[in-house]
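Trainee: Dropping in data-v5.tsv, with TSV, C-alpha atoms.
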```tsv
chain	number	residue	atom	x	y	z
Y	30	GLN	CA	-2.43	-39.14	27.07
Y	31	PHE	CA	-3.26	-39.40	23.37
Y	32	LEU	CA	-5.40	-36.75	21.70
Y	33	PRO	CA	-7.22	-36.92	18.35
Y	34	ILE	CA	-5.35	-35.27	15.52
Y	35	SER	CA	-8.06	-32.58	15.36
Y	36	SER	CA	-7.47	-31.65	19.02
Y	37	LYS	CA	-3.71	-31.51	18.49
Y	38	LEU	CA	-4.16	-29.22	15.48
Y	39	ALA	CA	-6.48	-26.98	17.48
Y	40	ARG	CA	-3.92	-26.64	20.27
Y	41	LEU	CA	-1.15	-25.88	17.79
Y	42	THR	CA	-3.30	-23.27	16.04
Y	43	MET	CA	-4.23	-21.59	19.33
Y	44	GLY	CA	-0.57	-21.46	20.34
Y	45	LYS	CA	0.47	-19.90	17.06
Y	46	GLY	CA	-2.34	-17.38	17.33
Y	47	LYS	CA	-1.05	-16.24	20.72
Y	48	GLU	CA	2.51	-16.05	19.39
Y	49	ASN	CA	1.37	-14.06	16.34
Y	50	SER	CA	-0.64	-11.71	18.55
Y	51	SER	CA	2.28	-11.26	20.91
Y	52	GLY	CA	4.64	-10.68	17.99
Y	53	LYS	CA	2.35	-8.01	16.51
Y	54	GLU	CA	2.09	-6.24	19.85
Y	55	LYS	CA	5.86	-6.20	20.21
Y	56	LYS	CA	6.28	-4.83	16.69
Y	57	LEU	CA	3.70	-2.13	17.34
Y	58	ALA	CA	5.35	-1.20	20.65
Y	59	ARG	CA	8.76	-1.10	18.96
Y	60	ALA	CA	7.42	1.07	16.14
Y	61	ALA	CA	5.82	3.45	18.66
Y	62	ALA	CA	9.08	3.65	20.65
Y	63	LEU	CA	11.08	4.42	17.48
Y	64	ALA	CA	8.59	7.09	16.44
Y	65	ALA	CA	8.77	8.70	19.88
Y	66	GLU	CA	12.58	8.61	19.80
Y	67	LYS	CA	12.57	10.23	16.35
Y	68	GLU	CA	10.22	12.94	17.59
Y	69	ARG	CA	12.45	13.66	20.59
Y	70	LYS	CA	15.54	13.92	18.37
Y	71	GLN	CA	13.72	16.29	16.02
Y	72	HIS	CA	12.68	18.36	19.01
Y	73	ILE	CA	16.31	18.69	20.13
Y	74	ALA	CA	17.52	19.47	16.60
Y	75	GLN	CA	14.92	22.21	16.18
Y	76	ALA	CA	15.91	23.89	19.44
Y	77	ALA	CA	19.62	23.69	18.56
Y	78	ALA	CA	19.05	25.16	15.09
Y	79	ILE	CA	17.57	28.45	16.33
Y	80	THR	CA	20.14	31.14	15.56
Y	81	THR	CA	18.66	33.95	17.67
Y	82	PRO	CA	17.36	32.25	20.85
Y	83	LEU	CA	17.49	35.46	22.91
Y	84	SER	CA	15.17	37.44	20.61
Y	85	ALA	CA	12.17	36.38	22.72
Y	86	PHE	CA	13.83	37.61	25.92
Y	87	GLU	CA	14.65	41.24	25.18
Y	88	PRO	CA	13.37	42.42	28.60
Y	89	MET	CA	15.79	40.02	30.31
Y	90	VAL	CA	18.67	41.16	28.11
Y	91	LYS	CA	17.89	44.79	28.94
Y	92	ALA	CA	17.64	43.90	32.64
Y	93	ALA	CA	21.17	42.47	32.48
Y	94	GLN	CA	22.42	45.74	31.04
Y	95	ALA	CA	20.67	47.80	33.72
Y	96	LYS	CA	21.44	45.62	36.75
Y	97	PHE	CA	24.84	44.12	35.95
Y	98	GLY	CA	26.23	46.33	33.19
Y	99	VAL	CA	26.62	43.41	30.76
Y	100	ASP	CA	25.30	42.55	27.32
Y	101	VAL	CA	24.22	38.92	26.96
Y	102	VAL	CA	25.14	37.66	23.49
Y	103	HIS	CA	24.37	34.21	22.09
Y	104	ALA	CA	26.74	32.39	19.74
Y	105	ALA	CA	26.98	28.87	18.42
Y	106	SER	CA	30.45	27.36	18.65
Y	107	ALA	CA	31.08	27.72	14.92
Y	108	SER	CA	30.29	31.44	14.98
Y	109	LEU	CA	32.25	32.30	18.13
Y	110	SER	CA	35.30	34.45	17.43
Y	111	GLU	CA	38.79	33.11	18.05
Y	112	ALA	CA	39.28	35.78	20.72
Y	113	ASP	CA	36.14	34.64	22.55
Y	114	HIS	CA	37.16	30.99	22.29
Y	115	ASP	CA	40.51	31.89	23.81
Y	116	PHE	CA	38.82	33.90	26.56
Y	117	CYS	CA	36.46	31.03	27.45
Y	118	PHE	CA	39.32	28.56	27.64
Y	119	ALA	CA	41.52	30.89	29.71
Y	120	LEU	CA	38.73	31.63	32.21
Y	121	LEU	CA	37.78	27.96	32.45
Y	122	LYS	CA	41.40	27.04	33.15
Y	123	ARG	CA	41.79	29.81	35.73
Y	124	ASN	CA	38.56	28.97	37.56
Y	125	MET	CA	38.47	25.19	37.30
Y	126	GLU	CA	41.89	23.62	36.79
Y	127	SER	CA	42.77	23.29	40.48
Y	128	LEU	CA	39.27	22.02	41.37
Y	129	ARG	CA	39.44	19.37	38.68
Y	130	LEU	CA	42.93	18.32	39.68
Y	131	ASP	CA	41.85	18.06	43.33
Y	132	ALA	CA	38.84	15.99	42.25
Y	133	GLY	CA	41.08	13.60	40.32
Y	134	TRP	CA	39.73	14.52	36.91
Y	135	GLY	CA	42.81	16.23	35.58
Y	136	PHE	CA	42.77	19.14	33.15
Y	137	ASN	CA	43.81	18.53	29.55
Y	138	ASP	CA	44.20	21.75	27.59
Y	139	SER	CA	43.56	20.27	24.16
Y	140	GLY	CA	40.61	18.24	25.43
Y	141	GLU	CA	39.00	21.29	27.04
Y	142	ARG	CA	39.49	23.34	23.87
Y	143	ALA	CA	37.90	20.54	21.84
Y	144	THR	CA	34.87	20.52	24.15
Y	145	LEU	CA	34.47	24.27	23.76
Y	146	ARG	CA	34.67	23.93	19.98
Y	147	ASP	CA	32.22	21.04	19.74
Y	148	GLU	CA	29.59	21.80	17.11
Y	149	GLU	CA	26.79	21.09	19.61
Y	150	SER	CA	28.00	23.75	22.04
Y	151	HIS	CA	26.14	27.04	22.43
Y	152	PHE	CA	27.40	30.05	24.35
Y	153	LEU	CA	26.08	33.05	26.21
Y	154	ILE	CA	28.91	35.57	26.27
Y	155	LEU	CA	28.60	38.20	29.00
Y	156	ARG	CA	30.20	41.31	27.61
Y	157	PRO	CA	30.50	44.56	29.60
Y	158	SER	CA	27.98	47.02	28.17
Y	159	GLY	CA	29.37	49.74	25.95
Y	160	GLN	CA	32.56	47.78	25.36
Y	161	GLU	CA	34.09	49.44	22.31
Y	162	ASP	CA	37.20	47.33	22.09
Y	163	ALA	CA	36.18	44.02	20.48
Y	164	ALA	CA	39.35	42.42	21.87
Y	165	ALA	CA	38.54	43.39	25.47
Y	166	SER	CA	37.73	40.50	27.79
Y	167	PRO	CA	34.09	39.61	28.58
Y	168	ALA	CA	32.75	39.30	32.12
Y	169	GLY	CA	32.09	35.59	31.77
Y	170	PHE	CA	30.37	32.94	29.72
Y	171	CYS	CA	27.98	30.04	29.83
Y	172	MET	CA	28.22	26.97	27.60
Y	173	TYR	CA	25.21	24.70	27.15
Y	174	ARG	CA	23.84	22.02	24.83
Y	175	TRP	CA	20.45	20.67	23.82
Y	176	ILE	CA	20.59	16.92	24.43
Y	177	LEU	CA	18.61	13.77	25.11
Y	178	GLU	CA	19.24	12.16	28.49
Y	179	GLY	CA	17.58	8.78	28.18
Y	180	GLU	CA	14.05	9.63	27.08
Y	181	CYS	CA	14.15	13.18	28.48
Y	182	THR	CA	14.74	16.37	26.52
Y	183	VAL	CA	17.36	18.43	28.34
Y	184	LEU	CA	19.15	21.75	28.29
Y	185	TYR	CA	22.49	20.72	29.81
Y	186	VAL	CA	24.65	23.48	31.30
Y	187	TYR	CA	28.28	22.47	30.76
Y	188	GLU	CA	29.95	25.61	32.07
Y	189	LEU	CA	29.01	28.80	33.91
Y	190	GLN	CA	32.13	30.85	34.51
Y	191	LEU	CA	32.48	34.45	35.71
Y	192	THR	CA	35.52	36.64	36.19
Y	193	ALA	CA	36.31	37.51	39.81
Y	194	GLU	CA	34.95	41.06	39.65
Y	195	TYR	CA	31.50	39.87	38.53
Y	196	ARG	CA	31.00	37.15	41.13
Y	197	GLY	CA	28.73	37.51	44.15
Y	198	LYS	CA	26.45	40.06	42.46
Y	199	GLY	CA	23.65	37.76	41.31
Y	200	LEU	CA	24.81	37.52	37.70
Y	201	GLY	CA	25.24	33.74	37.83
Y	202	LYS	CA	21.69	33.29	39.14
Y	203	PHE	CA	20.40	35.65	36.47
Y	204	VAL	CA	22.06	33.61	33.69
Y	205	MET	CA	20.60	30.37	35.05
Y	206	GLN	CA	17.13	31.96	35.20
Y	207	LEU	CA	17.52	33.11	31.61
Y	208	LEU	CA	18.52	29.59	30.55
Y	209	GLU	CA	15.52	28.18	32.41
Y	210	LEU	CA	13.22	30.52	30.46
Y	211	LEU	CA	14.93	29.43	27.26
Y	212	ALA	CA	14.52	25.76	28.14
Y	213	ASN	CA	10.87	26.28	29.02
Y	214	LYS	CA	10.16	28.10	25.78
Y	215	HIS	CA	11.48	25.15	23.80
Y	216	LYS	CA	9.67	22.65	26.02
Y	217	MET	CA	12.69	20.93	27.51
Y	218	GLN	CA	11.68	18.56	30.30
Y	219	PHE	CA	14.79	19.07	32.44
Y	220	MET	CA	17.80	21.25	33.00
Y	221	MET	CA	20.91	19.39	34.08
Y	222	LEU	CA	24.51	20.11	35.06
Y	223	THR	CA	27.53	18.55	36.75
Y	224	VAL	CA	29.14	19.94	39.92
Y	225	PHE	CA	32.26	18.80	41.77
Y	226	LYS	CA	31.62	17.91	45.38
Y	227	ASN	CA	34.68	19.89	46.44
Y	228	ASN	CA	33.11	23.04	44.96
Y	229	ASP	CA	31.07	23.87	48.07
Y	230	GLY	CA	29.88	27.24	46.82
Y	231	ALA	CA	28.53	25.81	43.57
Y	232	MET	CA	26.81	22.91	45.35
Y	233	ARG	CA	25.00	25.32	47.70
Y	234	PHE	CA	24.17	27.65	44.80
Y	235	TYR	CA	22.42	24.97	42.74
Y	236	LEU	CA	20.89	22.85	45.50
Y	237	ASP	CA	19.78	25.56	47.91
Y	238	ARG	CA	19.28	28.73	45.88
Y	239	LEU	CA	18.14	27.29	42.55
Y	240	LYS	CA	16.42	24.17	43.96
Y	241	TYR	CA	18.13	21.53	41.82
Y	242	SER	CA	18.13	17.88	42.95
Y	243	VAL	CA	20.76	15.15	42.76
Y	244	ASP	CA	19.79	13.32	39.58
Y	245	GLU	CA	19.07	9.60	39.20
Y	246	THR	CA	22.14	9.31	36.94
Y	247	SER	CA	24.48	10.78	39.53
Y	248	PRO	CA	26.99	8.21	40.85
Y	249	SER	CA	25.80	8.68	44.44
Y	250	ARG	CA	22.22	7.81	43.44
Y	251	CYS	CA	22.71	4.92	41.04
Y	252	ALA	CA	25.00	2.93	43.39
Y	253	VAL	CA	27.84	2.85	40.87
Y	254	ASP	CA	30.33	4.90	42.83
Y	255	ASP	CA	29.26	6.55	46.08
Y	256	GLU	CA	32.76	7.97	46.48
Y	257	SER	CA	32.72	9.80	43.15
Y	258	SER	CA	34.07	13.35	43.12
Y	259	TYR	CA	31.05	14.88	41.37
Y	260	GLU	CA	27.26	15.02	41.37
Y	261	ILE	CA	24.88	15.33	38.43
Y	262	LEU	CA	22.07	17.73	39.30
Y	263	SER	CA	18.73	18.22	37.56
Y	264	LYS	CA	15.62	20.37	37.70
Y	265	CYS	CA	12.29	19.28	36.23
Y	266	LEU	CA	10.54	21.87	34.03
Y	267	ASP	CA	7.75	19.70	32.64
Y	268	LYS	CA	4.48	20.63	34.36
Y	269	GLU	CA	2.85	17.28	33.60
Y	270	LEU	CA	5.79	15.39	35.08
Y	271	LEU	CA	5.76	17.68	38.10
Y	272	LYS	CA	2.04	17.09	38.50
Y	273	GLY	CA	2.65	13.35	38.51
Y	274	ALA	CA	5.42	13.77	41.07
Y	275	VAL	CA	3.17	15.80	43.35
Y	276	GLN	CA	0.41	13.25	43.07
Y	277	GLY	CA	2.81	10.42	43.90
Y	278	ALA	CA	2.24	8.33	40.79
Y	279	ASP	CA	3.37	4.73	41.15
Y	280	ASP	CA	5.45	4.71	37.96
Y	281	LEU	CA	7.70	7.63	38.84
Y	282	GLY	CA	11.36	7.01	38.12
Y	283	PRO	CA	14.05	8.04	40.62
Y	284	ARG	CA	14.48	11.42	38.88
Y	285	LEU	CA	10.86	12.35	39.59
Y	286	ARG	CA	10.81	10.74	43.01
Y	287	ASN	CA	13.61	13.17	43.82
Y	288	VAL	CA	11.40	16.01	42.56
Y	289	ALA	CA	8.51	14.84	44.74
Y	290	LEU	CA	10.72	14.68	47.79
Y	291	ASN	CA	11.95	18.23	47.26
```
Could you write out this file's structure as structure tokens?
Mentor:
Amino acid sequence: QFLPISSKLARLTMGKGKENSSGKEKKLARAAALAAEKERKQHIAQAAAITTPLSAFEPMVKAAQAKFGVDVVHAASASLSEADHDFCFALLKRNMESLRLDAGWGFNDSGERATLRDEESHFLILRPSGQEDAAASPAGFCMYRWILEGECTVLYVYELQLTAEYRGKGLGKFVMQLLELLANKHKMQFMMLTVFKNNDGAMRFYLDRLKYSVDETSPSRCAVDDESSYEILSKCLDKELLKGAVQGADDLGPRLRNVALN
């Protein structure tokens, strides 16, 4: 079928108009996505830059002294003493080496030390109250980082380790509650952590007592490796996201569908 030149030009012009419109929409969407990503990164950087994060939680710090006989002290990796670095590594090795070997992960001393010294790592050192000897060993420690997990702002708990004499007293739960308050204050959307499946006590602690869920990124949930030796757990802190999960919004991702189911 032959069309007049004017009709052909009109069709070509209409086609280009649609392409231009579509191109503008894509550019605008891309610009909005980049702006949102920049904002999320700034949010994480601001939380990580706070040098005295426990100053807003003095009642909790005093409660730790009264109930557990420990002082909770924050330190960034760069400001942690060599003695405390050595303590954290030694306790991690004592508590976790056999579990990691059994799980097939291995335990590399230099690699674990490097993780502890990473500039993004933050620590809560649990020091027995009234400890006069600075070289005396603490009761335990927690290591965490402020990170982005996909598009979610996260406080990720890398380690929570206690010495034998301080276990089974509620101190671990107390530290996790303190971290949850900290994450909420700085408007993190999730808390996350990794647990070995062969660590039955830890799995029950996080899933049953603290109400974490198996995260969408965990191997057992994303169909990458159902036989993996670990699970990634998460807990949603964002009230708006939780509201959407409760209401059963159609666009919920697996992470929030897990929240809704729990």
Trainee: To one decimal place, how far is atom CA of Y:Gly197 from atom CA of Y:Gln160 in Å?
Mentor: 21.8 Å
Trainee: What gap, in Å, lies between atom CA of Y:Tyr187 and atom CA of Y:Leu222?
Mentor: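 Between these atoms lies a distance of 6.2 Å.
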Trainee: Please write out, as JSON, where the centre of an axis-aligned box around all listed atoms of stretch 105-113 of chain Y lies and how long its edges are, in Å to one decimal, after adding 5 Å on each side.
Mentor:
```
{"center_x": 33.1, "center_y": 31.6, "center_z": 18.7, "size_x": 22.3, "size_y": 18.4, "size_z": 17.6}
```
Trainee: Atom CA of Y:Pro157 and atom CA of Y:Glu87, how far apart in Å?
Mentor: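 Going from atom CA of Y:Glu87 over to atom CA of Y:Pro157 covers 16.8 Å.
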Trainee: Using all atoms listed in the file for the distances, tell me which of Y:Thr192, Y:Ala104, Y:Leu63, Y:Ser158 is nearest to Y:Lys122.
Mentor: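 Closest candidate: Y:Thr192.
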Trainee: Nearest residue to Y:Ser150 out of Y:Ala105, Y:Ala112, Y:Ala193, Y:Leu208, using all atoms listed in the file?
Mentor: Y:Ala105
Trainee: For Y:Tyr173, which residue out of Y:Ala107, Y:Ala95, Y:Ala77, Y:Leu266 is the nearest one, using all atoms listed in the file?
Mentor: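 Of the candidates, the smallest distance to Y:Tyr173 is held by Y:Ala77.
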Trainee: Using all atoms listed in the file, which of Y:Leu271, Y:Ala132, Y:Met221, Y:Leu207 sits nearest Y:Glu188?
Mentor: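 For Y:Glu188, the nearest of the given residues is Y:Met221.
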Trainee: From the options Y:Leu270, Y:Ile261, Y:Leu120, Y:Met205, which residue's atoms come nearest to Y:Gly169, counting all atoms listed in the file?
Mentor: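 So, comparing all the options, the nearest one is Y:Leu120.
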Trainee: Counting only C-alpha atoms, which residues come within 12 Å of (14.6, 28.5, 28.3), with the point read in the file's coordinates, and could you list them as an MDAnalysis selection string?
Mentor: chainID Y and resid 76:77 82:86 89 173:175 183:186 204:220 266:267
Trainee: Using all atoms listed in the file, which residue out of Y:Tyr259, Y:Thr144, Y:Phe97, Y:Leu177 lies closest to Y:His72?
Mentor: Y:Leu177
Trainee: Taking 3 positions as the minimum chain separation for residues in the same chain, which residues sit within 8 Å of Y:Leu145 when counting all atoms listed in the file? Answer as a ChimeraX atom specification.
Mentor: /Y:106,114,117-118,141-142,150,172
Trainee: Taking the partial coordinates given, rebuild stretch 113-132 of chain Y to contain N, CA and C atoms; return it as a short mmCIF file (atom, residue, chain, number, x, y, z; two decimals), in the coordinates of the input.
Mentor:
```
data_model
loop_
_atom_site.label_atom_id
_atom_site.label_comp_id
_atom_site.auth_asym_id
_atom_site.auth_seq_id
_atom_site.Cartn_x
_atom_site.Cartn_y
_atom_site.Cartn_z
N ASP Y 113 37.08 35.10 21.53
CA ASP Y 113 36.14 34.64 22.55
C ASP Y 113 36.40 33.19 22.94
N HIS Y 114 36.77 32.36 21.97
CA HIS Y 114 37.16 30.99 22.29
C HIS Y 114 38.35 30.99 23.25
N ASP Y 115 39.33 31.82 22.95
CA ASP Y 115 40.51 31.89 23.81
C ASP Y 115 40.15 32.39 25.20
N PHE Y 116 39.26 33.38 25.26
CA PHE Y 116 38.82 33.90 26.56
C PHE Y 116 38.14 32.81 27.37
N CYS Y 117 37.21 32.08 26.74
CA CYS Y 117 36.46 31.03 27.45
C CYS Y 117 37.41 29.97 28.00
N PHE Y 118 38.37 29.57 27.18
CA PHE Y 118 39.32 28.56 27.64
C PHE Y 118 40.16 29.10 28.80
N ALA Y 119 40.66 30.32 28.67
CA ALA Y 119 41.52 30.89 29.71
C ALA Y 119 40.77 31.03 31.03
N LEU Y 120 39.51 31.47 30.98
CA LEU Y 120 38.73 31.63 32.21
C LEU Y 120 38.39 30.27 32.81
N LEU Y 121 38.04 29.31 31.96
CA LEU Y 121 37.78 27.96 32.45
C LEU Y 121 39.01 27.39 33.15
N LYS Y 122 40.16 27.56 32.55
CA LYS Y 122 41.40 27.04 33.15
C LYS Y 122 41.69 27.74 34.47
N ARG Y 123 41.50 29.06 34.50
CA ARG Y 123 41.79 29.81 35.73
C ARG Y 123 40.83 29.43 36.86
N ASN Y 124 39.56 29.25 36.53
CA ASN Y 124 38.56 28.97 37.56
C ASN Y 124 38.50 27.51 37.99
N MET Y 125 38.80 26.59 37.06
CA MET Y 125 38.47 25.19 37.30
C MET Y 125 39.65 24.22 37.34
N GLU Y 126 40.80 24.59 36.88
CA GLU Y 126 41.89 23.62 36.79
C GLU Y 126 42.23 23.01 38.15
N SER Y 127 42.38 23.83 39.17
CA SER Y 127 42.77 23.29 40.48
C SER Y 127 41.66 22.42 41.07
N LEU Y 128 40.39 22.83 40.88
CA LEU Y 128 39.27 22.02 41.37
C LEU Y 128 39.23 20.66 40.71
N ARG Y 129 39.47 20.64 39.41
CA ARG Y 129 39.44 19.37 38.68
C ARG Y 129 40.63 18.49 39.05
N LEU Y 130 41.76 19.10 39.26
CA LEU Y 130 42.93 18.32 39.68
C LEU Y 130 42.69 17.72 41.06
N ASP Y 131 42.14 18.54 41.98
CA ASP Y 131 41.85 18.06 43.33
C ASP Y 131 40.82 16.94 43.31
N ALA Y 132 39.90 17.01 42.35
CA ALA Y 132 38.84 15.99 42.25
C ALA Y 132 39.31 14.74 41.53
#
```
